[in-house]
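Below is the file work-v1.txt, which contains compact mmCIF, C-alpha atoms and all ligand atoms.
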# COMPACT_ATOMS: atom_id res chain seq x y z
CA MET T 223 -43.92 36.11 136.07
CA ILE T 224 -41.99 38.78 137.94
CA THR T 225 -39.09 40.45 136.11
CA LEU T 226 -36.32 42.14 138.08
CA TYR T 227 -34.02 44.40 136.07
CA GLY T 228 -30.44 44.65 137.27
CA SER T 229 -27.66 42.38 138.45
CA PRO T 230 -26.69 40.88 141.82
CA ARG T 231 -23.81 43.29 142.52
CA THR T 232 -25.91 46.43 142.15
CA SER T 233 -28.76 47.84 144.23
CA ALA T 234 -30.84 45.12 142.56
CA GLY T 235 -29.02 42.65 144.84
CA ARG T 236 -31.21 43.41 147.84
CA CYS T 237 -34.32 42.76 145.70
CA LEU T 238 -32.86 39.51 144.43
CA TRP T 239 -32.31 38.45 148.05
CA THR T 240 -35.93 39.37 148.86
CA LEU T 241 -37.17 37.37 145.86
CA GLU T 242 -35.31 34.38 147.27
CA GLU T 243 -36.84 35.02 150.71
CA VAL T 244 -40.41 35.18 149.36
CA GLY T 245 -39.81 32.15 147.14
CA VAL T 246 -41.73 33.14 143.99
CA PRO T 247 -40.49 32.45 140.46
CA TYR T 248 -38.82 35.39 138.72
CA ASN T 249 -36.73 36.39 135.74
CA LEU T 250 -33.57 38.37 136.34
CA LYS T 251 -32.93 40.63 133.37
CA ASP T 252 -29.46 42.08 133.18
CA VAL T 253 -29.26 45.71 132.10
CA ASP T 254 -26.09 46.44 130.16
CA MET T 255 -24.96 49.54 132.00
CA ARG T 256 -21.58 49.68 130.23
CA ASN T 257 -23.46 50.27 127.00
CA LYS T 258 -25.88 52.68 128.73
CA GLU T 259 -28.89 50.42 128.34
CA HIS T 260 -30.20 51.92 131.60
CA LYS T 261 -30.48 55.29 129.80
CA SER T 262 -32.20 53.87 126.70
CA ALA T 263 -35.68 55.13 125.80
CA GLU T 264 -37.03 51.62 126.27
CA TYR T 265 -35.62 51.18 129.78
CA LEU T 266 -36.57 54.74 130.84
CA LYS T 267 -40.19 53.72 130.27
CA ILE T 268 -39.67 51.12 133.03
CA ASN T 269 -37.53 53.24 135.36
CA PRO T 270 -37.61 56.94 134.48
CA MET T 271 -34.63 57.47 136.84
CA GLY T 272 -32.45 55.45 134.46
CA LYS T 273 -31.13 53.25 137.28
CA VAL T 274 -31.34 49.65 138.39
CA PRO T 275 -33.25 47.97 139.84
CA ALA T 276 -36.76 48.06 138.45
CA LEU T 277 -39.44 45.43 138.80
CA ILE T 278 -42.41 44.45 136.70
CA ASP T 279 -45.06 42.19 138.19
CA GLY T 280 -48.18 42.01 136.01
CA ASN T 281 -49.56 45.54 135.85
CA VAL T 282 -47.21 46.80 138.59
CA THR T 283 -43.98 48.58 137.60
CA LEU T 284 -41.74 49.85 140.39
CA PHE T 285 -38.36 51.43 140.97
CA GLU T 286 -36.44 52.14 144.22
CA SER T 287 -34.97 48.92 145.59
CA MET T 288 -36.24 49.26 149.16
CA ALA T 289 -39.79 50.03 148.00
CA ILE T 290 -39.62 47.00 145.70
CA ASN T 291 -38.73 44.91 148.75
CA PHE T 292 -41.75 46.14 150.71
CA TYR T 293 -43.97 45.43 147.71
CA LEU T 294 -42.63 41.87 147.39
CA ALA T 295 -43.15 41.20 151.10
CA ASP T 296 -46.63 42.72 151.10
CA ASN T 297 -47.70 40.61 148.14
CA TYR T 298 -45.90 37.35 148.69
CA LYS T 299 -44.74 36.93 152.31
CA LYS T 300 -46.38 39.34 154.71
CA GLU T 301 -44.40 38.17 157.74
CA LEU T 302 -41.36 39.88 156.19
CA LEU T 303 -43.09 43.21 156.82
CA GLY T 304 -43.21 42.38 160.56
CA MET T 305 -45.96 40.62 162.50
CA THR T 306 -47.00 43.57 164.69
CA SER T 307 -47.24 47.33 164.24
CA LYS T 308 -44.11 47.68 166.32
CA GLU T 309 -42.15 45.27 164.11
CA ARG T 310 -43.47 46.91 160.94
CA GLY T 311 -42.48 50.31 162.34
CA LEU T 312 -39.00 49.11 163.19
CA SER T 313 -38.60 47.50 159.79
CA LEU T 314 -39.44 50.81 158.11
CA GLN T 315 -37.36 52.80 160.59
CA TRP T 316 -34.21 50.84 159.81
CA SER T 317 -34.85 50.90 156.06
CA PHE T 318 -35.22 54.69 156.07
CA TRP T 319 -32.23 55.00 158.37
CA ALA T 320 -30.07 52.83 156.11
CA SER T 321 -31.00 54.77 152.97
CA SER T 322 -31.09 58.29 154.40
CA GLU T 323 -28.37 58.25 157.09
CA LEU T 324 -25.93 55.40 156.58
CA GLN T 325 -25.76 54.90 152.83
CA ASP T 326 -24.47 58.32 151.77
CA PRO T 327 -21.16 58.37 153.70
CA ILE T 328 -20.49 54.74 152.77
CA ILE T 329 -21.13 55.35 149.07
CA GLU T 330 -19.01 58.53 149.09
CA VAL T 331 -16.03 56.50 150.36
CA PHE T 332 -16.82 53.59 148.03
CA ILE T 333 -16.82 55.88 144.98
CA GLN T 334 -13.49 57.40 145.98
CA LYS T 335 -11.78 54.12 146.85
CA VAL T 336 -13.20 51.82 144.18
CA PHE T 337 -14.13 53.92 141.14
CA MET T 338 -11.89 56.99 141.28
CA PRO T 339 -8.53 56.76 139.46
CA ASP T 340 -5.53 57.31 141.78
CA ASP T 341 -4.82 60.81 140.48
CA LYS T 342 -8.42 61.96 141.04
CA ARG T 343 -8.96 60.37 144.47
CA ASP T 344 -9.92 62.92 147.13
CA GLN T 345 -8.51 61.84 150.48
CA ALA T 346 -10.41 64.60 152.29
CA VAL T 347 -13.74 63.20 151.09
CA ILE T 348 -12.68 59.74 152.25
CA GLU T 349 -11.64 60.92 155.69
CA GLU T 350 -14.64 63.20 156.21
CA ASN T 351 -17.09 60.40 155.44
CA LEU T 352 -15.21 57.62 157.22
CA ALA T 353 -15.31 59.81 160.35
CA LYS T 354 -19.13 59.74 160.27
CA LEU T 355 -19.35 55.95 160.39
CA PRO T 356 -18.44 55.03 164.00
CA ASP T 357 -21.33 57.05 165.46
CA LEU T 358 -23.78 55.62 162.94
CA LEU T 359 -22.58 52.05 163.37
CA ASN T 360 -22.71 52.43 167.15
CA VAL T 361 -26.38 53.41 166.91
CA LEU T 362 -27.05 50.17 165.05
CA ASN T 363 -24.78 48.13 167.30
CA ASN T 364 -26.46 49.41 170.49
CA SER T 365 -29.93 48.81 169.08
CA LEU T 366 -29.07 45.20 168.34
CA GLU T 367 -28.14 44.47 171.98
CA GLY T 368 -29.93 41.26 173.02
CA LYS T 369 -31.66 40.90 169.63
CA LYS T 370 -31.27 38.39 166.83
CA TYR T 371 -32.75 40.71 164.19
CA LEU T 372 -33.59 44.41 164.10
CA THR T 373 -37.12 43.92 165.42
CA GLY T 374 -36.16 41.16 167.89
CA ASP T 375 -36.84 37.60 166.77
CA GLN T 376 -38.71 38.44 163.55
CA PHE T 377 -36.59 38.74 160.40
CA THR T 378 -37.97 41.55 158.22
CA ILE T 379 -37.30 43.61 155.11
CA GLY T 380 -35.64 46.07 157.49
CA ASP T 381 -32.86 43.52 158.02
CA ILE T 382 -32.40 43.05 154.27
CA ASN T 383 -32.38 46.75 153.48
CA THR T 384 -30.03 47.58 156.35
CA GLN T 385 -27.66 44.64 155.86
CA SER T 386 -27.33 45.47 152.17
CA VAL T 387 -25.86 48.85 153.13
CA VAL T 388 -23.84 47.74 156.18
CA SER T 389 -22.25 44.94 154.15
CA ILE T 390 -20.43 47.50 151.99
CA CYS T 391 -18.30 48.48 155.03
CA PRO T 392 -15.61 45.79 154.65
CA MET T 393 -15.16 46.84 150.99
CA ILE T 394 -14.16 50.32 152.15
CA GLY T 395 -11.87 49.07 154.90
CA VAL T 396 -14.25 49.34 157.86
CA ASP T 397 -13.84 46.33 160.14
CA LEU T 398 -17.25 45.31 161.49
CA LYS T 399 -15.82 42.76 163.96
CA GLN T 400 -15.34 45.57 166.49
CA TYR T 401 -19.15 46.02 166.56
CA LYS T 402 -20.04 42.81 168.39
CA ASN T 403 -23.82 42.99 167.99
CA ILE T 404 -23.59 43.89 164.31
CA ASP T 405 -21.20 41.00 163.82
CA ALA T 406 -23.61 38.56 165.52
CA TRP T 407 -26.56 39.93 163.49
CA LEU T 408 -24.61 39.45 160.22
CA GLY T 409 -23.86 35.89 161.35
CA ALA T 410 -27.56 35.15 162.00
CA ILE T 411 -28.47 36.53 158.57
CA SER T 412 -25.77 34.53 156.82
CA ASP T 413 -27.37 31.30 158.09
CA ARG T 414 -30.53 31.98 156.06
CA PRO T 415 -30.89 29.74 152.98
CA ALA T 416 -32.27 32.62 150.87
CA PHE T 417 -29.25 34.75 151.77
CA GLN T 418 -26.91 31.90 150.83
CA LYS T 419 -28.68 31.50 147.48
CA TYR T 420 -28.38 35.23 146.86
CA GLN T 421 -24.66 35.12 147.75
CA SER T 422 -24.14 32.29 145.26
CA LEU T 423 -25.76 34.46 142.57
CA ARG T 424 -23.25 37.25 143.30
CA LYS T 425 -20.31 35.02 142.38
N1 LIG I 1 -32.16 54.71 145.25
C1 LIG I 1 -32.00 53.80 144.16
C2 LIG I 1 -30.56 53.82 143.73
C3 LIG I 1 -30.32 52.94 142.54
C4 LIG I 1 -28.92 53.16 141.96
O1 LIG I 1 -28.24 54.14 142.24
N2 LIG I 1 -28.52 52.20 141.12
C5 LIG I 1 -27.24 52.32 140.48
C6 LIG I 1 -26.58 50.96 140.41
S1 LIG I 1 -26.22 50.32 142.01
C7 LIG I 1 -27.47 52.80 139.07
O2 LIG I 1 -28.33 52.31 138.37
N3 LIG I 1 -26.66 53.80 138.64
C8 LIG I 1 -26.72 54.30 137.32
C9 LIG I 1 -26.84 55.80 137.28
O3 LIG I 1 -26.95 56.42 138.35
O4 LIG I 1 -26.81 56.32 136.17
C10 LIG I 1 -32.45 52.40 144.56
O5 LIG I 1 -32.20 52.01 145.71
O6 LIG I 1 -33.06 51.69 143.76
Target encoding structure tokens, full file:
Amino acid sequence: MITLYGSPRTSAGRCLWTLEEVGVPYNLKDVDMRNKEHKSAEYLKINPMGKVPALIDGNVTLFESMAINFYLADNYKKELLGMTSKERGLSLQWSFWASSELQDPIIEVFIQKVFMPDDKRDQAVIEENLAKLPDLLNVLNNSLEGKKYLTGDQFTIGDINTQSVVSICPMIGVDLKQYKNIDAWLGAISDRPAFQKYQSLRK
């Protein structure tokens, strides 16, 4: 049985969603981060980075949420990788883009707005990073023109990995409705039963 370490409202969430998409049984094991369980010697043997998520599947132990998602698709539902080389390339492209280009400015703002106490909040960091988002979101919005998903008609891990970053935007005050294609893409994703199950687990 697969074990996923983490909880739905962390980076483990995108893996939980993928587990629902592939439809295999799994255990979700909460890691008590308030009590630093993620830094315990026992957990560091599973994820030496001391972060969630991590996944154990038989003799396979993995960390890095987006890599876990590619592993799950490769093993349990290959179509989620993409059906053609082009789709697989696009799925990877958007996953790398989400983690290396889009995620950093979003997380910088998220940390300042959500975690930082009022007296420590750095408005300059917020403004500097918010200013990066329109260009990035326009790249995504333009690429989605005339497409249901990021590769076209085929839903892939690229959609999961990218949506899981884009979906933080409303929490930091970025209105996605102004990006019409992104808005339509989020709507198409929200119709998926696996996504709905994942959302119910976040509550
Ligand atoms: N690149 C990693 C990031 C994981 C990550 O930062 N997880 C956070 C929770 S969302 C964490 O465990 N933070 C604890 C820490 O950094 O000490 C991934 O995608 O798996």
Calculated over all atoms listed in the file, which of the candidates T:Tyr298, T:Phe318, T:Phe377, T:Tyr401 has the smallest distance to ligand LIG 1 (chain I)?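 Of T:Tyr298, T:Phe318, T:Phe377, T:Tyr401, the one nearest ligand LIG 1 (chain I), counting all atoms listed in the file, is T:Phe318.
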If you count all atoms listed in the file, which residues end up within 8 Å of ligand LIG 1 (chain I), as a count of residues only? 18
Neighbours of range 341-355 of chain T within 10 Å (all atoms listed in the file; same-chain residues fewer than 6 positions away dropped), as a list in words?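 The filter keeps Glu323, Leu324, Gln325, Asp326, Pro327, Ile328, Ile329, Glu330, Val331, Phe332, Ile333, Gln334, Lys335, Val361, Cys391, Ile394, Gly395 and Val396 of chain T.
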Within 12 Å of Lys425 in chain T using only C-alpha atoms, minus same-chain residues under 6 positions, as a PyMOL selection string: chain T and resi 229-231+235+418-419
Mind giving me the straight-line distance from CA of Met305 in chain T to CA of Arg236 in chain T in Å, one decimal?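 Pair CA of Met305 in chain T / CA of Arg236 in chain T returns 21.0 Å.
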Which of these residues is nearest to Ile268 in chain T, using all atoms listed in the file: T:Ala289, T:Thr283, T:Trp239, T:Leu398? T:Thr283
Residues near Pro247 in chain T, cut-off 9 Å, only C-alpha atoms, skip fewer than 6 positions along chain, as a ChimeraX atom specification: /T:223-224,241
Record the distance separating CA of Asn403 in chain T and CA of Thr373 in chain T, expressed in Å with one decimal. 13.6 Å
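Here CA of Leu312 in chain T and CA of Thr240 in chain T stand 17.6 Å from one another.
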For Ala295 in chain T, list every protein, DNA or RNA residue within 9 Å, evaluated using all atoms listed in the file, and leave out those in the same chain fewer than 6 positions away; present the list as an MDAnalysis selection string. chainID T and resid 240:241 243:244 301:303 378:379
Output, as lines of an AutoDock Vina configuration file, the centre and edge lengths in Å (one decimal) of the axis-aligned box that contains all listed atoms of range 413-422 of chain T with 8 Å of margin on each side.
center_x = -28.2
center_y = 32.5
center_z = 151.7
size_x = 24.1
size_y = 21.5
size_z = 28.8
Lys369 in chain T environment, 12 Å, all atoms listed in the file, sequence neighbours closer than 3 positions dropped, as a PyMOL selection string: chain T and resi 362-366+372-377+381+402-408+410
In terms of only C-alpha atoms, the residue from T:Leu358, T:Ile411, T:Leu423, T:Val253 at minimal distance from Tyr371 in chain T is T:Ile411
Counting all atoms listed in the file, which of T:Pro339, T:Gly409, T:Pro392, T:Gly380 gets nearest to Trp316 in chain T?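 Once distances to Trp316 in chain T are computed over all atoms listed in the file, the minimum belongs to T:Gly380.
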Between T:Asn249, T:Asn281, T:Asn297, T:Gln315, which residue has the minimum interatomic distance to Tyr227 in chain T, considering only C-alpha atoms?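 Counting only C-alpha atoms, the residue closest to Tyr227 in chain T is T:Asn249.
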Hey, which of T:Thr225, T:Lys300, T:Arg310, T:Asn360 ends up closest to Asp279 in chain T? Count all atoms listed in the file.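 When distances to Asp279 in chain T are compared using all atoms listed in the file, the smallest one comes from T:Thr225.
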